[in-house]
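query.pdb (PDB, C-alpha atoms) appears below.
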```pdb
ATOM      1  CA  MET T   1      88.307  -9.675 -43.394
ATOM      2  CA  SER T   2      85.348  -8.237 -45.218
ATOM      3  CA  LEU T   3      82.304  -6.417 -43.929
ATOM      4  CA  GLU T   4      78.928  -6.940 -45.545
ATOM      5  CA  TYR T   5      75.710  -5.260 -44.472
ATOM      6  CA  ARG T   6      72.457  -7.113 -44.974
ATOM      7  CA  GLY T   7      69.251  -5.196 -45.276
ATOM      8  CA  GLU T   8      66.063  -4.809 -47.203
ATOM      9  CA  ASP T   9      66.121  -4.397 -50.977
ATOM     10  CA  HIS T  10      66.841  -0.815 -51.947
ATOM     11  CA  PRO T  11      65.675   1.055 -55.032
ATOM     12  CA  ASP T  12      68.390   1.791 -57.537
ATOM     13  CA  SER T  13      68.507   5.413 -56.396
ATOM     14  CA  ASP T  14      69.204   4.325 -52.827
ATOM     15  CA  VAL T  15      71.954   1.994 -53.977
ATOM     16  CA  ASP T  16      73.519   4.781 -56.019
ATOM     17  CA  ALA T  17      73.350   7.049 -52.973
ATOM     18  CA  LEU T  18      75.082   4.464 -50.824
ATOM     19  CA  ARG T  19      77.854   4.170 -53.391
ATOM     20  CA  THR T  20      78.545   7.896 -53.178
ATOM     21  CA  ILE T  21      79.062   7.890 -49.396
ATOM     22  CA  VAL T  22      82.486   9.269 -48.568
ATOM     23  CA  ILE T  23      84.205   7.308 -45.800
ATOM     24  CA  PRO T  24      86.008   9.743 -43.487
ATOM     25  CA  PRO T  25      89.649   9.060 -42.617
ATOM     26  CA  PRO T  26      90.205   7.144 -39.356
ATOM     27  CA  ILE T  27      91.687  10.152 -37.593
ATOM     28  CA  TYR T  28      92.062   8.679 -34.099
ATOM     29  CA  THR T  29      93.517   5.465 -35.469
ATOM     30  CA  LEU T  30      96.088   7.410 -37.482
ATOM     31  CA  ILE T  31      97.042   9.516 -34.453
ATOM     32  CA  ILE T  32      97.635   6.385 -32.374
ATOM     33  CA  LEU T  33      99.672   4.910 -35.231
ATOM     34  CA  ILE T  34     101.804   8.053 -35.367
ATOM     35  CA  CYS T  35     102.422   7.716 -31.632
ATOM     36  CA  ILE T  36     103.516   4.096 -32.006
ATOM     37  CA  GLY T  37     105.659   5.025 -35.011
ATOM     38  CA  ALA T  38     107.407   7.827 -33.121
ATOM     39  CA  VAL T  39     108.323   5.548 -30.234
ATOM     40  CA  THR T  40     109.445   2.853 -32.683
ATOM     41  CA  VAL T  41     111.831   5.306 -34.336
ATOM     42  CA  ALA T  42     113.221   6.255 -30.916
ATOM     43  CA  GLN T  43     113.698   2.587 -30.083
ATOM     44  CA  LEU T  44     115.513   2.007 -33.365
ATOM     45  CA  ILE T  45     117.807   4.947 -32.637
ATOM     46  CA  THR T  46     118.700   3.817 -29.108
ATOM     47  CA  GLY T  47     118.463   0.076 -29.743
ATOM     48  CA  TYR T  48     115.881  -2.368 -28.442
ATOM     49  CA  GLU T  49     118.316  -3.906 -25.972
ATOM     50  CA  TYR T  50     118.320  -0.532 -24.192
ATOM     51  CA  SER T  51     114.852   0.877 -24.889
ATOM     52  CA  VAL T  52     112.813  -2.196 -23.954
ATOM     53  CA  PRO T  53     113.970  -2.486 -20.319
ATOM     54  CA  THR T  54     113.913   1.307 -20.064
ATOM     55  CA  ALA T  55     110.266   1.788 -21.127
ATOM     56  CA  ALA T  56     108.615  -1.636 -20.713
ATOM     57  CA  PHE T  57     105.928  -2.405 -18.157
ATOM     58  CA  ASP T  58     108.358  -3.935 -15.668
ATOM     59  CA  LYS T  59     106.056  -5.227 -12.931
ATOM     60  CA  LEU T  60     108.743  -5.348 -10.219
ATOM     61  CA  MET T  61     109.775  -1.742 -10.826
ATOM     62  CA  PHE T  62     106.129  -0.720 -11.149
ATOM     63  CA  ARG T  63     105.430  -2.011  -7.657
ATOM     64  CA  GLN T  64     108.490  -0.140  -6.433
ATOM     65  CA  GLY T  65     106.982   3.169  -7.485
ATOM     66  CA  GLU T  66     107.675   3.569 -11.207
ATOM     67  CA  TYR T  67     103.970   3.748 -11.988
ATOM     68  CA  TRP T  68     104.558   5.494 -15.301
ATOM     69  CA  ARG T  69     105.685   2.169 -16.761
ATOM     70  CA  ILE T  70     102.093   1.005 -17.236
ATOM     71  CA  LEU T  71     101.739   3.886 -19.721
ATOM     72  CA  THR T  72     105.081   3.696 -21.519
ATOM     73  CA  GLY T  73     104.714  -0.075 -21.826
ATOM     74  CA  ILE T  74     101.654   0.257 -24.082
ATOM     75  CA  VAL T  75     103.344   2.604 -26.563
ATOM     76  CA  SER T  76     106.672   0.770 -26.908
ATOM     77  CA  HIS T  77     107.397  -2.627 -28.493
ATOM     78  CA  GLY T  78     109.844  -5.458 -28.186
ATOM     79  CA  PHE T  79     111.222  -5.356 -31.741
ATOM     80  CA  LEU T  80     110.500  -3.839 -35.135
ATOM     81  CA  LEU T  81     108.316  -6.684 -36.438
ATOM     82  CA  HIS T  82     106.299  -6.533 -33.210
ATOM     83  CA  ALA T  83     105.554  -2.843 -33.800
ATOM     84  CA  PHE T  84     104.769  -3.427 -37.482
ATOM     85  CA  MET T  85     102.342  -6.289 -36.776
ATOM     86  CA  ASN T  86     100.546  -4.335 -34.071
ATOM     87  CA  GLY T  87     100.435  -1.249 -36.281
ATOM     88  CA  TYR T  88      98.914  -3.192 -39.155
ATOM     89  CA  ALA T  89      96.316  -4.805 -36.876
ATOM     90  CA  LEU T  90      95.486  -1.455 -35.312
ATOM     91  CA  TYR T  91      94.917   0.143 -38.698
ATOM     92  CA  SER T  92      92.759  -2.766 -39.889
ATOM     93  CA  PHE T  93      90.475  -2.937 -36.865
ATOM     94  CA  GLY T  94      90.726   0.715 -35.846
ATOM     95  CA  ARG T  95      89.485   2.154 -39.125
ATOM     96  CA  LEU T  96      86.667  -0.397 -39.128
ATOM     97  CA  MET T  97      85.606   0.617 -35.637
ATOM     98  CA  GLU T  98      85.735   4.310 -36.527
ATOM     99  CA  LEU T  99      83.486   3.555 -39.497
ATOM    100  CA  LEU T 100      80.923   1.598 -37.460
ATOM    101  CA  ALA T 101      81.027   3.532 -34.206
ATOM    102  CA  ASN T 102      82.012   6.987 -33.033
ATOM    103  CA  ARG T 103      85.776   7.524 -33.038
ATOM    104  CA  ALA T 104      85.557   8.607 -29.406
ATOM    105  CA  HIS T 105      84.770   4.992 -28.502
ATOM    106  CA  LEU T 106      87.831   3.863 -30.465
ATOM    107  CA  ALA T 107      90.185   5.871 -28.268
ATOM    108  CA  THR T 108      88.436   4.876 -25.059
ATOM    109  CA  VAL T 109      88.272   1.162 -25.841
ATOM    110  CA  PHE T 110      91.882   1.093 -27.011
ATOM    111  CA  LEU T 111      93.279   2.806 -23.911
ATOM    112  CA  LEU T 112      91.094   1.003 -21.361
ATOM    113  CA  SER T 113      91.762  -2.360 -22.992
ATOM    114  CA  ALA T 114      95.514  -1.778 -23.074
ATOM    115  CA  LEU T 115      95.523  -0.767 -19.408
ATOM    116  CA  GLY T 116      93.099  -3.541 -18.441
ATOM    117  CA  GLY T 117      95.310  -6.119 -20.119
ATOM    118  CA  SER T 118      98.346  -4.737 -18.304
ATOM    119  CA  LEU T 119      96.583  -4.938 -14.942
ATOM    120  CA  LEU T 120      95.478  -8.530 -15.517
ATOM    121  CA  SER T 121      99.031  -9.378 -16.531
ATOM    122  CA  LEU T 122     100.277  -7.679 -13.361
ATOM    123  CA  TYR T 123      98.072  -9.968 -11.291
ATOM    124  CA  PHE T 124      98.932 -13.266 -12.997
ATOM    125  CA  LEU T 125     102.509 -12.512 -14.120
ATOM    126  CA  PRO T 126     103.773 -10.206 -11.364
ATOM    127  CA  ASP T 127     107.460 -10.880 -11.981
ATOM    128  CA  GLU T 128     107.623 -10.468 -15.751
ATOM    129  CA  SER T 129     107.814  -7.459 -18.058
ATOM    130  CA  SER T 130     105.282  -6.650 -20.765
ATOM    131  CA  VAL T 131     105.493  -4.380 -23.765
ATOM    132  CA  GLY T 132     103.251  -3.537 -26.705
ATOM    133  CA  ALA T 133      99.830  -2.216 -27.681
ATOM    134  CA  SER T 134      98.262  -5.598 -28.416
ATOM    135  CA  GLY T 135      95.954  -5.504 -25.383
ATOM    136  CA  GLY T 136      94.286  -2.410 -26.812
ATOM    137  CA  ILE T 137      94.034  -3.962 -30.272
ATOM    138  CA  VAL T 138      92.417  -7.139 -28.957
ATOM    139  CA  GLY T 139      90.001  -4.887 -27.072
ATOM    140  CA  LEU T 140      88.920  -3.369 -30.391
ATOM    141  CA  ILE T 141      88.245  -6.868 -31.726
ATOM    142  CA  GLY T 142      86.167  -7.657 -28.632
ATOM    143  CA  TYR T 143      84.132  -4.501 -29.165
ATOM    144  CA  LEU T 144      83.584  -5.331 -32.845
ATOM    145  CA  LEU T 145      82.491  -8.845 -31.884
ATOM    146  CA  VAL T 146      79.719  -7.451 -29.683
ATOM    147  CA  TYR T 147      78.798  -5.026 -32.456
ATOM    148  CA  ALA T 148      78.577  -7.805 -35.034
ATOM    149  CA  PHE T 149      76.298  -9.949 -32.889
ATOM    150  CA  ARG T 150      74.069  -7.091 -31.807
ATOM    151  CA  ARG T 151      73.792  -5.953 -35.434
ATOM    152  CA  ARG T 152      73.510  -9.449 -36.932
ATOM    153  CA  ARG T 153      70.418  -8.427 -38.910
ATOM    154  CA  PHE T 154      72.616  -6.114 -40.960
ATOM    155  CA  ILE T 155      76.061  -7.737 -40.746
ATOM    156  CA  SER T 156      76.882 -11.031 -42.398
ATOM    157  CA  ALA T 157      77.633 -14.252 -40.569
ATOM    158  CA  GLU T 158      80.961 -14.370 -42.422
ATOM    159  CA  PHE T 159      82.061 -11.192 -40.699
ATOM    160  CA  ARG T 160      81.175 -12.567 -37.266
ATOM    161  CA  LYS T 161      82.985 -15.786 -38.121
ATOM    162  CA  SER T 162      86.092 -13.901 -39.190
ATOM    163  CA  LEU T 163      86.177 -12.035 -35.869
ATOM    164  CA  LEU T 164      85.882 -15.286 -33.933
ATOM    165  CA  ILE T 165      88.675 -16.787 -36.032
ATOM    166  CA  ASN T 166      90.874 -13.777 -35.275
ATOM    167  CA  ILE T 167      90.250 -14.134 -31.552
ATOM    168  CA  ALA T 168      90.903 -17.892 -31.643
ATOM    169  CA  PHE T 169      94.117 -17.331 -33.594
ATOM    170  CA  ILE T 170      95.364 -14.757 -31.064
ATOM    171  CA  LEU T 171      94.651 -17.078 -28.137
ATOM    172  CA  VAL T 172      96.178 -20.155 -29.788
ATOM    173  CA  PHE T 173      99.178 -18.141 -30.969
ATOM    174  CA  GLY T 174      99.662 -16.934 -27.410
ATOM    175  CA  LEU T 175      99.462 -20.446 -25.999
ATOM    176  CA  VAL T 176     102.018 -21.774 -28.462
ATOM    177  CA  LEU T 177     104.419 -18.891 -27.792
ATOM    178  CA  TYR T 178     103.519 -18.462 -24.129
ATOM    179  CA  GLN T 179     107.153 -17.811 -23.214
ATOM    180  CA  ILE T 180     107.268 -14.570 -25.223
ATOM    181  CA  VAL T 181     103.583 -13.607 -25.552
ATOM    182  CA  ASP T 182     101.629 -11.990 -22.719
ATOM    183  CA  ASN T 183      98.401 -13.999 -22.915
ATOM    184  CA  TYR T 184      96.906 -12.278 -19.899
ATOM    185  CA  GLY T 185      97.428  -8.918 -21.555
ATOM    186  CA  HIS T 186      95.446 -10.191 -24.543
ATOM    187  CA  ILE T 187      92.704 -11.756 -22.440
ATOM    188  CA  GLY T 188      92.362  -8.671 -20.268
ATOM    189  CA  GLY T 189      92.121  -6.409 -23.295
ATOM    190  CA  LEU T 190      89.543  -8.680 -24.924
ATOM    191  CA  LEU T 191      87.353  -8.722 -21.811
ATOM    192  CA  VAL T 192      87.474  -4.936 -21.460
ATOM    193  CA  GLY T 193      86.534  -4.446 -25.125
ATOM    194  CA  ILE T 194      83.627  -6.877 -24.834
ATOM    195  CA  PHE T 195      82.428  -5.291 -21.599
ATOM    196  CA  TYR T 196      82.547  -1.787 -23.081
ATOM    197  CA  GLY T 197      80.679  -2.975 -26.166
ATOM    198  CA  LEU T 198      77.938  -4.584 -24.068
ATOM    199  CA  ILE T 199      77.451  -1.311 -22.195
ATOM    200  CA  GLN T 200      77.725   1.124 -25.094
ATOM    201  CA  ILE T 201      76.223  -0.612 -28.147
ATOM    202  CA  PRO T 202      72.407  -0.364 -28.062
ATOM    203  CA  SER T 203      70.477  -3.638 -28.007
ATOM    204  CA  ASN T 204      67.974  -2.071 -30.398
ATOM    205  CA  GLU T 205      69.428  -2.723 -33.856
ATOM    206  CA  TYR T 206      67.829   0.417 -35.253
ATOM    207  CA  VAL T 207      69.482   2.810 -32.797
ATOM    208  CA  ASN T 208      72.546   4.349 -34.403
ATOM    209  CA  PRO T 209      75.642   3.257 -32.414
ATOM    210  CA  GLN T 210      77.613   6.110 -33.983
ATOM    211  CA  ASN T 211      75.818   8.559 -31.741
ATOM    212  CA  ALA T 212      77.898   9.561 -28.748
ATOM    213  CA  THR T 213      77.022  11.623 -25.707
ATOM    214  CA  VAL T 214      79.043  14.658 -24.727
ATOM    215  CA  PHE T 215      80.567  12.583 -21.921
ATOM    216  CA  SER T 216      81.614   9.855 -24.374
ATOM    217  CA  ARG T 217      83.211  12.385 -26.705
ATOM    218  CA  VAL T 218      85.092  14.048 -23.875
ATOM    219  CA  LEU T 219      86.207  10.655 -22.571
ATOM    220  CA  GLY T 220      87.466   9.787 -26.040
ATOM    221  CA  VAL T 221      89.490  13.000 -26.286
ATOM    222  CA  VAL T 222      90.901  12.440 -22.796
ATOM    223  CA  SER T 223      91.809   8.832 -23.653
ATOM    224  CA  LEU T 224      93.562   9.924 -26.824
ATOM    225  CA  GLY T 225      95.317  12.671 -24.882
ATOM    226  CA  ILE T 226      96.562  10.181 -22.284
ATOM    227  CA  TYR T 227      98.018   8.010 -25.034
ATOM    228  CA  ILE T 228      99.731  11.012 -26.615
ATOM    229  CA  VAL T 229     101.166  12.046 -23.236
ATOM    230  CA  SER T 230     102.313   8.456 -22.681
ATOM    231  CA  THR T 231     104.086   8.631 -26.037
ATOM    232  CA  GLY T 232     105.835  11.846 -25.076
ATOM    233  CA  LEU T 233     106.873  10.320 -21.749
ATOM    234  CA  ALA T 234     108.235   7.210 -23.473
ATOM    235  CA  LEU T 235     110.190   9.343 -25.957
ATOM    236  CA  LEU T 236     111.644  11.443 -23.155
ATOM    237  CA  ILE T 237     112.697   8.405 -21.133
ATOM    238  CA  ILE T 238     114.109   6.443 -24.074
ATOM    239  CA  LEU T 239     116.005   9.335 -25.694
ATOM    240  CA  SER T 240     117.270  11.034 -22.534
ATOM    241  CA  GLY T 241     119.456   8.076 -21.621
ATOM    242  CA  ARG T 242     121.397   8.072 -24.869
TER
END
```
Please express what this file holds, its structure, as structure tokens.
Amino acid sequence: MSLEYRGEDHPDSDVDALRTIVIPPPIYTLIILICIGAVTVAQLITGYEYSVPTAAFDKLMFRQGEYWRILTGIVSHGFLLHAFMNGYALYSFGRLMELLANRAHLATVFLLSALGGSLLSLYFLPDESSVGASGGIVGLIGYLLVYAFRRRRFISAEFRKSLLINIAFILVFGLVLYQIVDNYGHIGGLLVGIFYGLIQIPSNEYVNPQNATVFSRVLGVVSLGIYIVSTGLALLIILSGR
């Protein structure tokens, strides 16, 4: 998926200046990836047949008082390929979102979308377990979709089309593999990401969406902190039993 900005013609000096822009590393995205990687290593050590039921978002046990499962479920995965695919998607969309918007929004959208997807899944699939960070990743795509349409003067139609194709693929993929894919987790995450984007991204195309209030920055740090704590909790639970 490529990103192309459309704008007015620039003098050669402006073009040269744009080419020298240094893109900062996607720090929050990398931190979240490290968290997922750490839990994946723990799951490989203990075995997925043990770690998945131990840390997954088991809805029955959640309703019985194990409320921490809604947090450990979004940092653990069902198998190695599952973690790798989610990690790759997170890096692809996460670094793009950190480039276009403030990284604080990345952490907030990811966490809220992951939790929102889990809650929607709890409502529609109350007797099944869920695991994985895909709800948060789909939330990032939903946010980027709003961004692309609200910035359509500067962002190509191909980019918007590619986002829509990604969303359609996720939904169709989930329908085909409905027995192993939590579609409601994806849908919930997508809706949260879209909703956050509609609230946060300015309608005025010339207002910089990278600006973030003090509250937004603090919320981003808190969201990232919650995910890190969730990772530590998952590691403690998974490794303490073996």
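Note on the selection: in this file the PyMOL selection byres ((chain T and resi 25-27) around 10) comes out as Val22, Ile23, Pro24, Tyr28, Thr29, Leu30, Ile31, Ile32, Leu33, Tyr91, Gly94, Arg95, Leu96, Met97, Glu98, Leu99, Arg103 and Leu106 of chain T.
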Practice prompt. Could you list the residues chosen by the PyMOL selection byres ((chain T and resi 114) around 6) in this structure as an MDAnalysis selection string?
Written response: chainID T and resid 111:113 115:117 135:136 189
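Against the coordinates shown, the PyMOL selection byres ((chain T and resi 131) around 8) returns Val52, Ala56, Phe57, Gly73, Ile74, Val75, Ser76, His77, Gly78, Ser129, Ser130, Gly132 and Ala133 of chain T.
Distance cut-off 7 Å, centre (76.4, 0.6, -33.8), atoms counted all atoms listed in the file; the residues meeting this are Leu100, Ala101, Tyr147, Ile201, Asn208, Pro209 and Gln210 of chain T.
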Item to complete: One decimal, Å: what's the distance from atom CA of Phe62 of chain T over to atom CA of Asp182 of chain T, could you say?
Response: 16.8 Å
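Using only C-alpha atoms, the shortest contact distance between Tyr48 of chain T and any of T:Leu81, T:Ile199, T:Ala89, T:Leu125 is found at T:Leu81.
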Worksheet, complete the sentence: Students should find that atom CA of Gly87 of chain T and atom CA of Val41 of chain T are spaced 13.3 Å
Practice prompt. List every protein, DNA or RNA residue that has an atom no more than 9 Å from (85.2, 0.4, -29.4) in the file's coordinate frame, counting only C-alpha atoms, and report them as a ChimeraX atom specification.
Written response: /T:94,97-98,101-110,139-144,147,193-194,196-197,200
Worksheet item: Interatomic distance between atom CA of Tyr184 of chain T and atom CA of Leu122 of chain T?
Response: 8.7 Å
Practice prompt. Tell me which of T:Leu90, T:Leu71, T:Ala168, T:Leu60 sits closest to Gly232 of chain T, counting all atoms listed in the file.
Written response: T:Leu71
Practice prompt. Rank T:Gly220, T:Asn204, T:Ser118, T:Leu239 by their smallest atom-to-atom distance to Val192 of chain T, using all atoms listed in the file, and report the top residue only.
Written response: T:Ser118
Work out where the centre of an axis-aligned box around every listed atom of segment 165-172 of chain T lies and how long its edges are once 5 Å is added on each side; give both in Å to one decimal as lines of an AutoDock Vina configuration file.
```
center_x = 92.4
center_y = -17.0
center_z = -32.1
size_x = 17.5
size_y = 16.4
size_z = 17.9
```
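With distances restricted to only C-alpha atoms, T:Ile187 is the closest residue to Leu175 of chain T from T:Ile187, T:Ala83, T:Leu235, T:Ala212.
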Response to the item:
Nearest to Leu120 of chain T, restricted to only C-alpha atoms and choosing among T:Ile155, T:Ile165, T:Leu236, T:Ile70, comes out as T:Ile70
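In this comparison, which uses only C-alpha atoms, the residue of T:Tyr123, T:Leu80, T:Ala148, T:Tyr67 approaching Ala42 of chain T most closely is T:Leu80.
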